[in-house]
Amino acid sequence: MAKSMVPPEVAENMKEVKHKIVILSGKGGVGKTTVATNLATAFAKRGKSSGILDVDIYGPNVPKLLGLEGQHPTVEDDFIDPILGPLDMKVMSMGFLLRKDDDAVAWRGPLVAKAISQFLANVRWGKLDV
């Protein structure tokens with residue numbers, strides 16, 4: 001059996017999230033954020049505990065789509081508490097970590113991968129259906 005490529009801290013933190021859905025595309029501007037936000041909202045409307053991780057480092061729009069602009073997560077015991085959004089969705093986005101909506105992030109490869117890994121390993125997602 002092949003060894004898992006998932007870092008142990010990510011696996012440990014995400015173990016209580018039953019179903020993980022990834023929305024991705026190699027092309028920008030095709031509606032990934034809209035689809036992801038609508039899916040998370042639809043699951044929440046159907047009574048499922050739902051969360052959304054906006055890993056668009058360069059143009060995080062989930063806070064805007066959910067009306068959560070200007071909010072900032074708290075940090076406790078080296079874990080980030082996600083923002084509680086509509087329908088009690090847990091939401092995390094690089095947009096919450098920037099000072100202003102128009103701040104830019106100019107990261108590449110390894111820094112982007114590290115940020116995504118930290119969102120998976122260090123955000124207190126807790127128990128979620130989706």
# chains A, B, ... in the order shown; residues from 1 in each chain; ligands from 1
>>> residues_around(residues="Leu39 (chain A)", least_positions_apart="6", cutoff="12 Å", atoms="only C-alpha atoms", output="PyMOL selection string")
chain A and resi 20-23+32-33+45-46+48+50-52+89+130
>>> write_last_selection(atoms="C-alpha atoms", output="compact mmCIF listing (two decimals), in the first residue's frame")
# COMPACT_ATOMS: atom_id res chain seq x y z
CA LYS A 20 -14.12 17.00 1.08
CA ILE A 21 -14.96 18.46 -2.33
CA VAL A 22 -12.36 20.24 -4.44
CA ILE A 23 -13.37 22.68 -7.17
CA LYS A 32 -14.80 28.13 -9.41
CA THR A 33 -15.49 30.46 -6.49
CA LYS A 45 -29.51 24.90 3.48
CA ARG A 46 -30.15 21.16 3.51
CA LYS A 48 -25.51 19.74 6.59
CA SER A 50 -20.68 23.00 5.88
CA GLY A 51 -17.40 24.84 5.48
CA ILE A 52 -15.61 26.56 2.65
CA MET A 89 -20.92 27.82 7.52
CA VAL A 130 -18.99 18.80 3.91
>>> residues_around(residues="region 66-75 of chain A", least_positions_apart="2", cutoff="12 Å", atoms="only C-alpha atoms", output="PyMOL selection string")
chain A and resi 33-34+36-38+40-41+52+54+60-64+77-102+119+122-124
>>> atom_distance(atom1="CA of Gln118 (chain A)", atom2="CA of Met14 (chain A)")
11.6 Å
>>> atom_distance(atom1="CA of Lys114 (chain A)", atom2="CA of Pro7 (chain A)")
11.4 Å
>>> select_by_dssp(residues="chain A", states="strand (DSSP E or B)", output="list in words")
Val17, Gly51, Ile52, Leu53, Asp54, Thr74, Val75, Glu76, Phe79, Ile80, Asp81, Ile83, Leu84, Lys90, Val91, Met92, Ser93, Val123 and Leu128 of chain A
>>> write_last_selection(atoms="all heavy atoms", output="CSV table (one decimal), in the first residue's frame")
chain,number,residue,atom,x,y,z
A,17,VAL,N,-13.9,16.1,9.0
A,17,VAL,CA,-14.6,16.6,7.9
A,17,VAL,C,-15.0,15.4,7.0
A,17,VAL,O,-14.1,14.8,6.4
A,17,VAL,CB,-13.8,17.6,7.1
A,17,VAL,CG1,-14.6,18.1,5.9
A,17,VAL,CG2,-13.4,18.8,8.0
A,51,GLY,N,-18.5,23.9,5.4
A,51,GLY,CA,-17.4,24.8,5.5
A,51,GLY,C,-16.9,25.1,4.1
A,51,GLY,O,-17.1,24.3,3.2
A,52,ILE,N,-16.2,26.2,3.9
A,52,ILE,CA,-15.6,26.6,2.6
A,52,ILE,C,-14.2,27.2,2.9
A,52,ILE,O,-14.1,28.1,3.7
A,52,ILE,CB,-16.5,27.5,1.8
A,52,ILE,CG1,-15.9,27.7,0.4
A,52,ILE,CG2,-16.8,28.8,2.5
A,52,ILE,CD1,-16.8,28.3,-0.6
A,53,LEU,N,-13.3,26.6,2.2
A,53,LEU,CA,-11.9,27.2,2.2
A,53,LEU,C,-11.6,27.8,0.9
A,53,LEU,O,-11.5,27.1,-0.2
A,53,LEU,CB,-10.9,26.0,2.5
A,53,LEU,CG,-9.4,26.4,2.4
A,53,LEU,CD1,-9.1,27.5,3.3
A,53,LEU,CD2,-8.6,25.1,2.7
A,54,ASP,N,-11.4,29.1,0.9
A,54,ASP,CA,-11.1,29.8,-0.4
A,54,ASP,C,-9.6,29.9,-0.5
A,54,ASP,O,-8.9,30.6,0.2
A,54,ASP,CB,-11.7,31.3,-0.2
A,54,ASP,CG,-11.4,32.2,-1.4
A,54,ASP,OD1,-10.9,31.7,-2.4
A,54,ASP,OD2,-11.7,33.4,-1.2
A,74,THR,N,-9.8,34.8,14.6
A,74,THR,CA,-9.0,34.9,15.8
A,74,THR,C,-8.0,33.7,15.8
A,74,THR,O,-8.3,32.7,15.1
A,74,THR,CB,-9.9,34.8,17.1
A,74,THR,OG1,-10.7,33.7,17.0
A,74,THR,CG2,-10.8,36.1,17.1
A,75,VAL,N,-7.0,33.8,16.6
A,75,VAL,CA,-6.0,32.7,16.7
A,75,VAL,C,-5.9,32.3,18.2
A,75,VAL,O,-5.8,33.2,19.0
A,75,VAL,CB,-4.6,33.1,16.1
A,75,VAL,CG1,-3.6,32.0,16.3
A,75,VAL,CG2,-4.7,33.5,14.7
A,76,GLU,N,-6.0,31.0,18.4
A,76,GLU,CA,-5.9,30.5,19.8
A,76,GLU,C,-5.2,29.2,19.8
A,76,GLU,O,-5.5,28.3,19.0
A,76,GLU,CB,-7.3,30.4,20.4
A,76,GLU,CG,-7.3,30.0,21.9
A,76,GLU,CD,-8.7,29.9,22.4
A,76,GLU,OE1,-9.5,30.7,22.0
A,76,GLU,OE2,-8.9,29.0,23.2
A,79,PHE,N,-4.1,27.7,16.5
A,79,PHE,CA,-5.1,27.4,15.5
A,79,PHE,C,-5.9,28.6,15.2
A,79,PHE,O,-6.2,29.5,16.0
A,79,PHE,CB,-6.1,26.3,16.1
A,79,PHE,CG,-5.6,24.9,15.9
A,79,PHE,CD1,-4.8,24.3,16.9
A,79,PHE,CD2,-5.8,24.2,14.8
A,79,PHE,CE1,-4.3,23.1,16.8
A,79,PHE,CE2,-5.3,22.9,14.6
A,79,PHE,CZ,-4.5,22.3,15.6
A,80,ILE,N,-6.3,28.7,13.9
A,80,ILE,CA,-7.1,29.8,13.5
A,80,ILE,C,-8.6,29.4,13.5
A,80,ILE,O,-8.9,28.3,13.0
A,80,ILE,CB,-6.8,30.2,12.0
A,80,ILE,CG1,-5.3,30.6,11.9
A,80,ILE,CG2,-7.6,31.3,11.5
A,80,ILE,CD1,-4.8,30.6,10.4
A,81,ASP,N,-9.4,30.2,14.1
A,81,ASP,CA,-10.8,30.0,14.2
A,81,ASP,C,-11.5,30.6,12.9
A,81,ASP,O,-11.4,31.8,12.7
A,81,ASP,CB,-11.5,30.6,15.4
A,81,ASP,CG,-11.0,29.9,16.7
A,81,ASP,OD1,-11.0,28.6,16.7
A,81,ASP,OD2,-10.7,30.5,17.7
A,83,ILE,N,-14.2,32.1,10.3
A,83,ILE,CA,-15.3,33.0,10.4
A,83,ILE,C,-16.6,32.2,10.3
A,83,ILE,O,-16.7,31.3,9.4
A,83,ILE,CB,-15.2,34.1,9.3
A,83,ILE,CG1,-13.9,34.9,9.4
A,83,ILE,CG2,-16.4,35.0,9.4
A,83,ILE,CD1,-13.7,35.7,10.7
A,84,LEU,N,-17.5,32.5,11.1
A,84,LEU,CA,-18.9,31.9,11.0
A,84,LEU,C,-19.7,32.7,10.0
A,84,LEU,O,-20.0,33.8,10.3
A,84,LEU,CB,-19.5,31.8,12.4
A,84,LEU,CG,-20.7,30.8,12.5
A,84,LEU,CD1,-20.2,29.4,12.2
A,84,LEU,CD2,-21.2,30.8,13.9
A,90,LYS,N,-18.6,27.4,8.2
A,90,LYS,CA,-17.3,27.9,8.6
A,90,LYS,C,-16.5,28.3,7.4
A,90,LYS,O,-16.5,27.6,6.4
A,90,LYS,CB,-16.6,26.7,9.3
A,90,LYS,CG,-17.2,26.4,10.7
A,90,LYS,CD,-16.4,25.3,11.4
A,90,LYS,CE,-17.0,25.0,12.7
A,90,LYS,NZ,-16.3,24.0,13.5
A,91,VAL,N,-16.0,29.5,7.4
A,91,VAL,CA,-15.4,30.1,6.2
A,91,VAL,C,-13.9,30.6,6.5
A,91,VAL,O,-13.7,31.2,7.5
A,91,VAL,CB,-16.2,31.3,5.7
A,91,VAL,CG1,-15.6,31.9,4.4
A,91,VAL,CG2,-17.7,30.9,5.5
A,92,MET,N,-13.0,30.2,5.7
A,92,MET,CA,-11.6,30.7,5.8
A,92,MET,C,-11.2,31.1,4.4
A,92,MET,O,-11.4,30.4,3.4
A,92,MET,CB,-10.7,29.6,6.3
A,92,MET,CG,-9.3,30.1,6.5
A,92,MET,SD,-9.0,31.7,7.3
A,92,MET,CE,-9.7,31.4,8.8
A,93,SER,N,-10.5,32.3,4.4
A,93,SER,CA,-10.0,32.8,3.1
A,93,SER,C,-8.8,33.7,3.3
A,93,SER,O,-8.8,34.4,4.4
A,93,SER,CB,-11.2,33.7,2.5
A,93,SER,OG,-10.7,34.4,1.3
A,123,VAL,N,-6.5,25.5,10.7
A,123,VAL,CA,-7.8,26.2,10.9
A,123,VAL,C,-8.6,25.2,11.6
A,123,VAL,O,-8.6,24.0,11.3
A,123,VAL,CB,-8.4,26.5,9.5
A,123,VAL,CG1,-9.9,27.0,9.7
A,123,VAL,CG2,-7.7,27.6,8.8
A,128,LEU,N,-17.5,18.6,10.5
A,128,LEU,CA,-18.3,19.1,9.4
A,128,LEU,C,-18.8,17.9,8.5
A,128,LEU,O,-18.0,16.9,8.4
A,128,LEU,CB,-17.5,20.0,8.5
A,128,LEU,CG,-17.0,21.4,9.0
A,128,LEU,CD1,-16.1,22.1,8.0
A,128,LEU,CD2,-18.2,22.2,9.4
